[in-house]
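Engineer: After the C-alpha cells below, expect a handful of questions from me.
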Amino acid sequence: MSSEDYGSIEKQVKEATPDDEPEAEGPPVEIPIEEALDNAGFSWRQLGILLVMGLAILTDHMELEVGTLLGPELLCEWDLAAIQEAWLTAAMYAGMALGGVAWGNLADRIGRKPVIQIICVLGTVFAVLSSTSAGPVEYAALRFCAGFAIGGFHV
C-alpha cells in the first residue's frame, strides 16, 4: 500500500466517527487491578446479587441430587425394573443437555439476566409438579422439563 492509501483510510475513519465525540488526549492511563477494585468498593446490592445467585446454584445442585436419590425409592414404590429407574434418572439429564443448547441461544439474543429469571421460575414449577406425579411416565416427563429449565442455568 502506498502512503496515499493510508491517507484515504484515515479520511474514511474520520468520516465514520461522529464529530461530537471527544478525542482522548495523551496515552491511556493504566491503573493496577487491585487499585481499581479498591476504588470500586463492594455494596449491599452486589452482596444481594451474590447471595441470590448462590442460592440459585445451590437449588440447582439440590435438584440434581434429589432426582438421583429418589431413584431407588421410586424403584420400590412403583415396582419398576432397574432399567426403568435408570430412565427416570436419565430423563432429567437429557433435558439438561437440550436445555443448555436452547437457553444458551436464547441468552445470546435477549441477555443472561432475563433467561436466568425465566429458568429459575420454570425449574421451580416443574420440580414442584414432579413431586406430585402419579406414575413413572408423568414423573419422567416432568423431570425432563425440570432438566430442560435447569440446563440453561450455566450458560
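Following the order of the C-alpha cells, first chain is A, next is B, and so on, with residues numbered from 1 inside each chain and ligands from 1 in the order they appear.
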What's around Gly104 of chain A at 12 Å? Count only C-alpha atoms, leave out sequence neighbours fewer than 2 positions away in its own chain, and write the answer as a list in words.

Structural biologist: Met96, Ala97, Leu98, Gly99, Gly100, Val101, Ala102, Leu106, Ala107, Asp108, Arg109, Ile110, Gly111, Arg112, Lys113, Pro114, Val115, Ile116, Ile119, Phe148, Ala149, Ile150, Gly151, Gly152, Phe153, His154 and Val155 of chain A

Engineer: Against segment 138-141 of chain A, which residues of segment 88-117 of chain A fall within 10 Å? For each one I want the closest pair of atoms and the distance in Å (one decimal), counting only C-alpha atoms, rows by chain and increasing residue number, as CSV.

Structural biologist:
```
residue,atom,partner,partner_atom,distance
A:Leu88,CA,A:Ala140,CA,5.1
A:Thr89,CA,A:Ala140,CA,7.9
A:Ala90,CA,A:Ala140,CA,8.6
A:Ala91,CA,A:Ala140,CA,5.7
A:Met92,CA,A:Ala140,CA,7.5
A:Gly95,CA,A:Ala141,CA,9.4
```

Engineer: Which of these residues is nearest to Gly147 of chain A, using only C-alpha atoms: A:Leu75, A:Leu64, A:Leu70, A:Val29?

Structural biologist: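 Closest candidate: A:Leu64.
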
Engineer: Rank A:Val52, A:Cys145, A:Ala81, A:Ala86 by their smallest atom-to-atom distance to Thr68 of chain A, using only C-alpha atoms, and report the top residue only.

Structural biologist: A:Ala86

Engineer: Return the single residue from A:Glu63, A:Trp44, A:Pro72, A:Asp79 that is closest to Phe126 of chain A, with distances computed using only C-alpha atoms.

Structural biologist: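 Closest to Phe126 of chain A, using only C-alpha atoms: A:Glu63.
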
Engineer: What separation in Å, quoted to one decimal, exists between atom CA of Leu47 of chain A and atom CA of Val128 of chain A?

Structural biologist: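 For atom CA of Leu47 of chain A relative to atom CA of Val128 of chain A, the distance reads 28.4 Å.
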
Engineer: As an exercise, work out the distance from atom CA of Val137 of chain A to atom CA of Ala94 of chain A in Å and give it to one decimal place.

Structural biologist: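 These two atoms are separated by 14.8 Å.
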